[in-house]
$ cat work.txt   # compact mmCIF, C-alpha atoms and all ligand atoms
# COMPACT_ATOMS: atom_id res chain seq x y z
CA MET A 730 159.11 79.52 199.37
CA ILE A 731 158.22 81.62 196.33
CA PRO A 732 160.55 84.65 196.17
CA ILE A 733 159.03 88.15 196.36
CA LYS A 734 161.16 90.56 194.35
CA SER A 735 162.31 93.93 195.67
CA GLN A 736 161.66 97.17 193.74
CA GLU A 737 165.31 97.11 192.54
CA GLU A 738 165.01 93.51 191.33
CA ILE A 739 161.75 94.34 189.56
CA GLU A 740 163.47 97.20 187.70
CA GLN A 741 166.23 94.81 186.55
CA MET A 742 163.65 92.21 185.48
CA ARG A 743 161.87 94.86 183.39
CA LEU A 744 165.14 95.44 181.55
CA SER A 745 165.93 91.76 180.93
CA GLY A 746 162.32 91.07 179.92
CA ARG A 747 162.38 93.92 177.44
CA LEU A 748 165.63 92.70 175.87
CA ALA A 749 164.22 89.18 175.48
CA ALA A 750 161.15 90.68 173.75
CA GLN A 751 163.36 92.82 171.50
CA THR A 752 165.38 89.75 170.50
CA LEU A 753 162.22 87.86 169.55
CA ALA A 754 160.95 90.86 167.54
CA MET A 755 164.32 91.20 165.84
CA ILE A 756 164.37 87.57 164.65
CA GLU A 757 160.77 87.42 163.40
CA PRO A 758 161.43 88.74 159.85
CA TYR A 759 164.21 86.15 159.38
CA VAL A 760 161.86 83.22 160.02
CA GLN A 761 161.32 82.44 156.31
CA PRO A 762 161.44 79.36 154.08
CA GLY A 763 165.07 78.42 153.36
CA VAL A 764 166.58 79.66 156.62
CA THR A 765 168.33 77.20 158.95
CA THR A 766 167.56 77.14 162.64
CA GLU A 767 171.28 77.66 163.24
CA ALA A 768 171.17 80.95 161.29
CA LEU A 769 168.35 82.13 163.58
CA ASN A 770 170.43 81.07 166.60
CA ASP A 771 173.51 82.92 165.38
CA ARG A 772 171.62 86.19 164.78
CA CYS A 773 170.02 86.04 168.23
CA HIS A 774 173.34 85.17 169.87
CA ARG A 775 174.99 88.22 168.28
CA PHE A 776 172.07 90.55 169.12
CA ILE A 777 172.01 89.46 172.77
CA LEU A 778 175.79 89.96 173.19
CA ASP A 779 175.61 93.31 171.38
CA HIS A 780 173.08 94.43 174.02
CA GLY A 781 175.34 93.57 176.93
CA ALA A 782 173.62 90.33 177.90
CA VAL A 783 174.33 86.61 177.59
CA PRO A 784 172.01 83.90 176.20
CA SER A 785 170.85 81.88 179.21
CA PRO A 786 170.40 78.53 177.38
CA LEU A 787 174.06 78.28 176.25
CA ASN A 788 175.72 75.57 178.40
CA TYR A 789 172.65 75.50 180.65
CA ARG A 790 172.29 72.51 182.97
CA PRO A 791 175.12 70.06 182.26
CA THR A 792 174.17 66.41 182.74
CA PRO A 793 176.13 63.17 182.29
CA GLN A 794 174.52 62.81 178.82
CA ASN A 795 175.29 66.43 177.87
CA PRO A 796 178.33 67.49 179.93
CA MET A 797 178.42 70.91 178.19
CA GLY A 798 174.74 71.58 178.90
CA PHE A 799 172.49 72.97 176.16
CA PRO A 800 174.75 73.56 173.12
CA LYS A 801 173.09 76.66 171.60
CA SER A 802 171.81 80.12 172.56
CA ILE A 803 168.10 79.77 171.75
CA CYS A 804 165.63 76.90 171.39
CA THR A 805 163.98 76.26 168.02
CA SER A 806 161.21 73.65 168.08
CA VAL A 807 159.73 72.71 164.70
CA ASN A 808 156.30 71.13 164.02
CA HIS A 809 155.91 68.11 166.35
CA GLN A 810 158.84 69.26 168.48
CA VAL A 811 157.35 70.50 171.75
CA CYS A 812 160.28 72.40 173.27
CA HIS A 813 164.07 72.56 173.73
CA GLY A 814 164.80 71.93 170.03
CA ILE A 815 168.50 72.48 169.29
CA PRO A 816 169.31 74.86 166.42
CA GLY A 817 171.29 73.21 163.62
CA PRO A 818 171.52 72.71 159.84
CA ARG A 819 167.80 71.96 159.50
CA ILE A 820 166.21 74.16 156.84
CA LEU A 821 162.77 75.58 157.54
CA HIS A 822 160.21 75.00 154.77
CA SER A 823 156.92 76.60 153.86
CA GLY A 824 154.20 74.91 155.90
CA ASP A 825 156.40 74.43 158.99
CA ILE A 826 155.74 76.08 162.33
CA VAL A 827 158.65 76.92 164.62
CA ASN A 828 158.74 78.05 168.22
CA VAL A 829 161.64 80.36 168.96
CA ASP A 830 162.37 80.54 172.69
CA ILE A 831 164.63 83.37 173.87
CA THR A 832 166.11 83.71 177.34
CA VAL A 833 168.63 86.45 178.09
CA CYS A 834 170.62 87.21 181.22
CA LEU A 835 171.18 90.96 181.65
CA ASN A 836 173.03 92.27 184.72
CA GLY A 837 172.48 88.87 186.34
CA PHE A 838 168.69 88.76 185.77
CA HIS A 839 166.90 86.47 183.32
CA GLY A 840 164.04 87.30 180.91
CA ASP A 841 162.27 84.45 179.08
CA THR A 842 159.81 84.60 176.18
CA SER A 843 158.80 82.53 173.16
CA LYS A 844 156.50 82.58 170.20
CA THR A 845 155.49 80.11 167.49
CA PHE A 846 155.90 81.43 163.95
CA PHE A 847 154.47 80.28 160.64
CA VAL A 848 157.05 79.56 157.95
CA GLY A 849 155.39 80.71 154.72
CA PRO A 850 151.61 80.56 154.41
CA PRO A 851 150.03 78.51 157.24
CA THR A 852 147.95 75.38 156.73
CA SER A 853 144.64 75.16 158.56
CA ARG A 854 146.20 72.82 161.17
CA ASN A 855 149.05 75.31 161.67
CA LYS A 856 146.53 78.11 162.23
CA LYS A 857 144.48 76.08 164.65
CA ILE A 858 147.26 74.90 166.97
CA VAL A 859 149.04 78.26 166.99
CA GLN A 860 145.80 80.14 167.73
CA VAL A 861 144.80 77.81 170.56
CA ALA A 862 148.29 78.00 172.12
CA GLN A 863 148.29 81.80 171.91
CA GLU A 864 144.81 81.99 173.45
CA CYS A 865 145.88 79.62 176.25
CA LEU A 866 148.73 81.97 177.20
CA ALA A 867 146.44 85.04 177.03
CA LEU A 868 143.85 83.37 179.27
CA GLY A 869 146.54 82.23 181.70
CA ILE A 870 147.81 85.80 181.96
CA GLN A 871 144.26 87.09 182.53
CA ALA A 872 144.01 84.74 185.52
CA VAL A 873 146.92 86.53 187.21
CA LYS A 874 144.96 88.87 189.47
CA PRO A 875 144.74 89.79 193.14
CA GLY A 876 143.11 87.11 195.24
CA GLY A 877 143.95 84.49 192.65
CA CYS A 878 146.20 81.48 192.91
CA PHE A 879 148.43 79.39 190.68
CA GLY A 880 145.70 76.76 190.20
CA ASP A 881 143.53 79.38 188.47
CA ILE A 882 146.17 79.77 185.73
CA GLY A 883 146.45 76.06 185.04
CA ALA A 884 142.70 75.49 185.18
CA VAL A 885 141.83 78.11 182.57
CA ILE A 886 144.57 76.89 180.20
CA GLU A 887 143.55 73.25 180.49
CA LEU A 888 139.88 74.11 179.95
CA HIS A 889 140.55 76.17 176.82
CA ALA A 890 142.79 73.48 175.29
CA ARG A 891 140.23 70.80 176.01
CA LYS A 892 137.34 72.86 174.56
CA ASN A 893 139.32 73.05 171.34
CA TYR A 894 140.10 69.32 171.27
CA CYS A 895 143.76 70.00 172.02
CA SER A 896 145.90 68.72 174.90
CA VAL A 897 148.32 70.24 177.40
CA VAL A 898 151.83 68.87 177.93
CA ARG A 899 152.18 67.98 181.62
CA GLU A 900 155.88 67.19 182.01
CA TYR A 901 157.12 70.76 181.40
CA CYS A 902 155.81 73.89 183.05
CA GLY A 903 156.32 77.59 183.64
CA HIS A 904 158.63 78.67 186.43
CA GLY A 905 159.69 81.41 188.77
CA ILE A 906 162.51 83.46 187.27
CA GLY A 907 164.97 86.06 188.52
CA ARG A 908 168.67 85.69 189.30
CA ASP A 909 168.05 82.02 188.51
CA PHE A 910 166.72 80.89 185.10
CA HIS A 911 164.36 78.42 186.76
CA GLU A 912 163.21 79.14 190.33
CA GLU A 913 160.23 78.23 192.46
CA PRO A 914 157.38 77.81 191.80
CA ALA A 915 156.63 75.34 189.01
CA VAL A 916 153.72 76.95 187.13
CA LEU A 917 151.51 74.08 185.94
CA HIS A 918 149.45 74.54 182.77
CA TYR A 919 146.68 72.33 184.13
CA GLY A 920 144.96 72.15 187.47
CA THR A 921 142.06 73.29 189.59
CA ARG A 922 140.68 76.73 190.45
CA ASN A 923 141.30 77.99 193.99
CA ARG A 924 144.16 75.53 194.46
CA GLY A 925 147.87 76.09 194.80
CA ALA A 926 149.86 79.00 196.19
CA THR A 927 148.29 82.47 196.37
CA LEU A 928 149.49 85.00 193.79
CA LEU A 929 151.26 87.80 195.68
CA PRO A 930 152.63 91.15 194.49
CA GLY A 931 156.33 90.89 193.61
CA MET A 932 156.21 87.32 192.33
CA ILE A 933 157.77 86.96 188.88
CA PHE A 934 157.22 83.81 186.83
CA THR A 935 156.68 82.52 183.30
CA ILE A 936 153.55 81.07 181.76
CA GLU A 937 154.41 78.93 178.73
CA PRO A 938 151.76 76.35 177.81
CA MET A 939 152.78 73.69 175.29
CA ILE A 940 149.61 72.72 173.43
CA ASN A 941 149.33 69.63 171.22
CA LEU A 942 146.94 69.03 168.33
CA GLY A 943 146.87 65.33 169.27
CA LYS A 944 147.56 63.54 172.54
CA ALA A 945 149.41 65.07 175.50
CA GLU A 946 152.13 62.40 175.67
CA ILE A 947 155.67 63.39 174.82
CA LYS A 948 159.04 61.69 174.47
CA LEU A 949 162.63 62.83 174.73
CA MET A 950 164.85 62.45 171.65
CA PRO A 951 168.28 60.74 171.82
CA ASP A 952 169.97 64.18 171.99
CA HIS A 953 168.49 64.33 175.54
CA TRP A 954 167.09 67.83 174.91
CA THR A 955 164.52 67.84 172.10
CA VAL A 956 161.02 67.00 173.34
CA VAL A 957 158.53 65.73 170.71
CA THR A 958 154.91 64.60 170.73
CA LYS A 959 154.65 60.81 170.95
CA ASP A 960 151.99 60.75 168.20
CA HIS A 961 153.97 63.22 166.03
CA ALA A 962 151.04 65.66 165.97
CA LEU A 963 151.80 69.40 165.87
CA SER A 964 152.64 71.29 169.07
CA ALA A 965 152.77 75.05 169.64
CA GLN A 966 153.87 77.26 172.53
CA PHE A 967 153.89 80.91 173.58
CA GLU A 968 155.65 82.24 176.68
CA HIS A 969 155.79 85.45 178.67
CA THR A 970 157.54 86.45 181.87
CA VAL A 971 155.02 88.23 184.12
CA LEU A 972 155.10 90.24 187.34
CA MET A 973 152.27 90.03 189.86
CA THR A 974 151.46 93.62 190.91
CA PRO A 975 149.13 94.91 193.65
CA THR A 976 146.43 95.41 190.99
CA GLY A 977 147.04 92.60 188.49
CA CYS A 978 149.68 91.49 186.08
CA GLU A 979 152.48 93.24 184.22
CA ILE A 980 153.91 91.43 181.21
CA LEU A 981 157.67 91.97 181.34
CA THR A 982 158.41 90.46 177.91
CA THR A 983 156.20 92.65 175.74
CA LEU A 984 157.11 95.76 173.74
CA GLU A 985 153.52 97.04 173.95
CA ASP A 986 151.94 99.41 176.51
CA ARG A 987 155.18 100.90 177.71
N1 LIG A 1001 163.52 78.80 177.71
C1 LIG A 1001 163.08 77.50 178.20
C2 LIG A 1001 162.00 77.80 179.20
O1 LIG A 1001 161.08 78.45 178.84
C3 LIG A 1001 164.16 76.69 178.80
C4 LIG A 1001 165.22 76.32 177.84
S1 LIG A 1001 166.41 75.44 178.67
C5 LIG A 1001 167.45 75.00 177.45
O2 LIG A 1001 162.05 77.50 180.37
F1 LIG A 1001 168.51 74.58 178.04
F2 LIG A 1001 166.86 74.10 176.71
F3 LIG A 1001 167.72 76.03 176.72
CO CO A 1002 160.54 79.52 180.56
CO CO A 1003 161.58 79.99 177.44

$ encode --input "work.txt" --output "structure tokens"
Amino acid sequence: MIPIKSQEEIEQMRLSGRLAAQTLAMIEPYVQPGVTTEALNDRCHRFILDHGAVPSPLNYRPTPQNPMGFPKSICTSVNHQVCHGIPGPRILHSGDIVNVDITVCLNGFHGDTSKTFFVGPPTSRNKKIVQVAQECLALGIQAVKPGGCFGDIGAVIELHARKNYCSVVREYCGHGIGRDFHEEPAVLHYGTRNRGATLLPGMIFTIEPMINLGKAEIKLMPDHWTVVTKDHALSAQFEHTVLMTPTGCEILTTLEDR
């Protein structure tokens, strides 16, 4: 069952979504050559706490390999890292791209958003993969409309990636979000039009396509978190949390149009 949020829950999700967006906007000017990913983490961690929230990734999902769960407050995924990169002493250099993924929990409700930044002037490959990933998210969001279904979102993303000779990561997907960081449904970034569950008002979920410049295959690093492309080609990702409304889609993690 895909949860339908109440008006009260929707109000809370607007607040958590906005704070996640504010955190991402706050960190953007610090994404510069010479900065470490840990410095970005520490600034976001402080900002989130200062706004009365907690960073959802910190200690998220303990496993036997990682009994403390995810060790940091944000994810930073550089170049061929696809997602779930762990902030650390790595220094960002001109010519890198880095996805910064922010999830906050405010009053018990999660908001999740990410963006891929250029570090210094972008190369042509940087520009290409970041543009295609951004367009894939925009098209996915445009498919969120009355009468539509989850398959429409995946289909349009897969088609756009393919048209641009890029590939879509299949092992990780968007997700319902609310009082839980990851809820039903899994939002696939590939698929077929007119398939999957119907989009209904009150559903809240993320769309977060991971788009590769090379092949779709990925592998998990020995830290059991960082996901990288198998062929080491660049990967980029953008993410928004969206609300299905009676007339279309409301982006909860944007600072625009409010
Ligand atoms: N924010 C990621 C997502 O979009 C999940 C990160 S889980 C973590 O779903 F543990 F790696 F932080
Ligand atoms: Co997400
Ligand atoms: Co995220």

$ residues_near_ligand --input "work.txt" --ligand "ligand LIG 1001 (chain A)" --cutoff "6 Å" --atoms "only C-alpha atoms and all ligand atoms" --output "mmCIF file with C-alpha atoms, in the coordinates of the input"
data_model
loop_
_atom_site.group_PDB
_atom_site.id
_atom_site.type_symbol
_atom_site.label_atom_id
_atom_site.label_comp_id
_atom_site.auth_asym_id
_atom_site.auth_seq_id
_atom_site.Cartn_x
_atom_site.Cartn_y
_atom_site.Cartn_z
ATOM 1 C CA PRO A 786 170.400 78.530 177.380
ATOM 2 C CA TYR A 789 172.650 75.500 180.650
ATOM 3 C CA PHE A 799 172.490 72.970 176.160
ATOM 4 C CA CYS A 804 165.630 76.900 171.390
ATOM 5 C CA HIS A 813 164.070 72.560 173.730
ATOM 6 C CA ASP A 830 162.370 80.540 172.690
ATOM 7 C CA THR A 832 166.110 83.710 177.340
ATOM 8 C CA ASP A 841 162.270 84.450 179.080
#

$ residues_around --input "work.txt" --residues "Val916 of chain A" --least-positions-apart "5" --cutoff "12 Å" --atoms "all atoms listed in the file" --output "number ranges by chain"
A: 731, 869-870, 873, 878-884, 886, 899-906, 911, 925-926, 928, 932-938, 968, 970-971

$ closest_residue --input "work.txt" --among "A:Asn795, A:Gln736, A:Gln751, A:Gln741" --to "His953 of chain A" --atoms "only C-alpha atoms"
A:Asn795

$ atom_distance --input "work.txt" --atom1 "atom CO of ligand CO 1003 (chain A)" --atom2 "atom CA of Ala965 of chain A"
12.8 Å

$ closest_residue --input "work.txt" --among "A:Val760, A:Leu868, A:Val885, A:Ile980" --to "Pro850 of chain A" --atoms "only C-alpha atoms"
A:Val760

$ atom_distance --input "work.txt" --atom1 "atom CA of Glu767 of chain A" --atom2 "atom CA of Thr845 of chain A"
16.5 Å

$ closest_residue --input "work.txt" --among "A:Arg747, A:His969, A:Arg922, A:Arg775" --to "Ser843 of chain A" --atoms "only C-alpha atoms"
A:His969

$ atom_distance --input "work.txt" --atom1 "atom CA of Gly837 of chain A" --atom2 "atom CA of Val956 of chain A"
27.9 Å

$ residues_around --input "work.txt" --residues "Lys801 of chain A" --least-positions-apart "2" --cutoff "9 Å" --atoms "all atoms listed in the file" --output "list in words"
Glu767, Asn770, Asp771, His774, Pro784, Pro786, Leu787, Asn788, Phe799, Ile803, Cys804, Ile815, Pro816 and Gly817 of chain A

$ closest_residue --input "work.txt" --among "A:Leu984, A:Cys773, A:Ala915, A:Ala754" --to "ligand CO 1002 (chain A)" --atoms "all atoms listed in the file"
A:Ala915

$ closest_residue --input "work.txt" --among "A:Met939, A:Val811, A:Met973, A:Ile826" --to "Leu866 of chain A" --atoms "only C-alpha atoms"
A:Met939

$ closest_residue --input "work.txt" --among "A:Thr982, A:Ser823, A:Phe846, A:Pro851" --to "ligand CO 1003 (chain A)" --atoms "all atoms listed in the file"
A:Thr982

$ residues_near_point --input "work.txt" --point "(149.0, 71.5, 172.3)" --cutoff "7 Å" --atoms "all atoms listed in the file" --output "compact mmCIF listing (two decimals) with C-alpha atoms, in the frame of the given file"
# COMPACT_ATOMS: atom_id res chain seq x y z
CA ILE A 858 147.26 74.90 166.97
CA ALA A 862 148.29 78.00 172.12
CA CYS A 895 143.76 70.00 172.02
CA SER A 896 145.90 68.72 174.90
CA VAL A 897 148.32 70.24 177.40
CA VAL A 898 151.83 68.87 177.93
CA MET A 939 152.78 73.69 175.29
CA ILE A 940 149.61 72.72 173.43
CA ASN A 941 149.33 69.63 171.22
CA LEU A 942 146.94 69.03 168.33
CA SER A 964 152.64 71.29 169.07
CA ALA A 965 152.77 75.05 169.64

$ decode --input "work.txt" --residues "segment 758-770 of chain A" --atoms "all heavy atoms" --output "CSV table (one decimal), in the first residue's frame"
chain,number,residue,atom,x,y,z
A,758,PRO,N,27.8,27.5,-2.3
A,758,PRO,CA,29.0,28.3,-2.5
A,758,PRO,C,30.3,27.8,-1.9
A,758,PRO,O,31.4,28.2,-2.2
A,758,PRO,CB,28.7,29.7,-1.8
A,758,PRO,CG,27.4,29.4,-1.0
A,758,PRO,CD,26.8,28.2,-1.6
A,759,TYR,N,30.2,26.8,-1.0
A,759,TYR,CA,31.4,26.1,-0.4
A,759,TYR,C,31.9,25.0,-1.2
A,759,TYR,O,33.0,24.5,-0.9
A,759,TYR,CB,31.1,25.6,1.0
A,759,TYR,CG,30.7,26.7,1.9
A,759,TYR,CD1,29.3,27.0,2.3
A,759,TYR,CD2,31.7,27.6,2.5
A,759,TYR,CE1,29.0,28.0,3.1
A,759,TYR,CE2,31.3,28.6,3.3
A,759,TYR,CZ,30.0,28.8,3.6
A,759,TYR,OH,29.6,29.9,4.5
A,760,VAL,N,31.2,24.6,-2.3
A,760,VAL,CA,31.7,23.5,-3.2
A,760,VAL,C,32.7,24.2,-4.1
A,760,VAL,O,32.3,24.7,-5.2
A,760,VAL,CB,30.5,22.8,-3.9
A,760,VAL,CG1,31.1,21.7,-4.8
A,760,VAL,CG2,29.5,22.3,-2.9
A,761,GLN,N,34.0,24.2,-3.7
A,761,GLN,CA,35.0,24.9,-4.5
A,761,GLN,C,36.3,24.0,-4.4
A,761,GLN,O,36.5,23.2,-3.5
A,761,GLN,CB,35.4,26.2,-3.8
A,761,GLN,CG,34.3,27.2,-3.7
A,761,GLN,CD,33.9,27.8,-5.1
A,761,GLN,OE1,34.7,27.7,-6.1
A,761,GLN,NE2,32.7,28.3,-5.3
A,762,PRO,N,37.2,24.2,-5.4
A,762,PRO,CA,38.5,23.4,-5.4
A,762,PRO,C,39.2,23.7,-4.0
A,762,PRO,O,39.2,24.8,-3.5
A,762,PRO,CB,39.3,24.1,-6.5
A,762,PRO,CG,38.3,24.6,-7.4
A,762,PRO,CD,37.1,25.1,-6.6
A,763,GLY,N,39.7,22.6,-3.4
A,763,GLY,CA,40.4,22.7,-2.2
A,763,GLY,C,39.6,22.3,-1.0
A,763,GLY,O,40.2,22.0,0.1
A,764,VAL,N,38.3,22.2,-1.1
A,764,VAL,CA,37.5,21.9,0.1
A,764,VAL,C,37.4,20.4,0.2
A,764,VAL,O,37.5,19.6,-0.8
A,764,VAL,CB,36.0,22.5,-0.1
A,764,VAL,CG1,35.2,21.6,-1.0
A,764,VAL,CG2,35.3,22.6,1.3
A,765,THR,N,37.4,19.9,1.5
A,765,THR,CA,37.2,18.4,1.7
A,765,THR,C,35.7,18.1,1.8
A,765,THR,O,34.9,19.0,2.2
A,765,THR,CB,37.9,17.9,3.0
A,765,THR,OG1,37.2,18.5,4.1
A,765,THR,CG2,39.3,18.3,3.0
A,766,THR,N,35.3,16.9,1.4
A,766,THR,CA,33.9,16.5,1.5
A,766,THR,C,33.5,16.5,3.0
A,766,THR,O,32.3,16.8,3.3
A,766,THR,CB,33.7,15.1,0.9
A,766,THR,OG1,34.6,14.2,1.4
A,766,THR,CG2,33.9,15.2,-0.7
A,767,GLU,N,34.4,16.3,3.9
A,767,GLU,CA,34.1,16.3,5.3
A,767,GLU,C,33.7,17.7,5.8
A,767,GLU,O,32.8,17.9,6.6
A,767,GLU,CB,35.3,15.8,6.1
A,767,GLU,CG,35.0,15.6,7.6
A,767,GLU,CD,35.8,14.5,8.2
A,767,GLU,OE1,37.1,14.5,7.9
A,767,GLU,OE2,35.3,13.7,8.9
A,768,ALA,N,34.4,18.7,5.2
A,768,ALA,CA,34.1,20.1,5.6
A,768,ALA,C,32.7,20.5,5.1
A,768,ALA,O,31.9,21.2,5.8
A,768,ALA,CB,35.1,21.1,4.9
A,769,LEU,N,32.3,19.9,3.9
A,769,LEU,CA,30.9,20.2,3.5
A,769,LEU,C,29.9,19.5,4.4
A,769,LEU,O,28.9,20.1,4.8
A,769,LEU,CB,30.7,19.6,2.0
A,769,LEU,CG,31.6,20.2,1.0
A,769,LEU,CD1,31.4,19.6,-0.4
A,769,LEU,CD2,31.4,21.8,0.9
A,770,ASN,N,30.3,18.2,4.8
A,770,ASN,CA,29.4,17.5,5.8
A,770,ASN,C,29.2,18.3,7.1
A,770,ASN,O,28.1,18.4,7.6
A,770,ASN,CB,30.1,16.2,6.1
A,770,ASN,CG,29.3,15.4,7.1
A,770,ASN,OD1,28.4,14.7,6.8
A,770,ASN,ND2,29.8,15.5,8.4
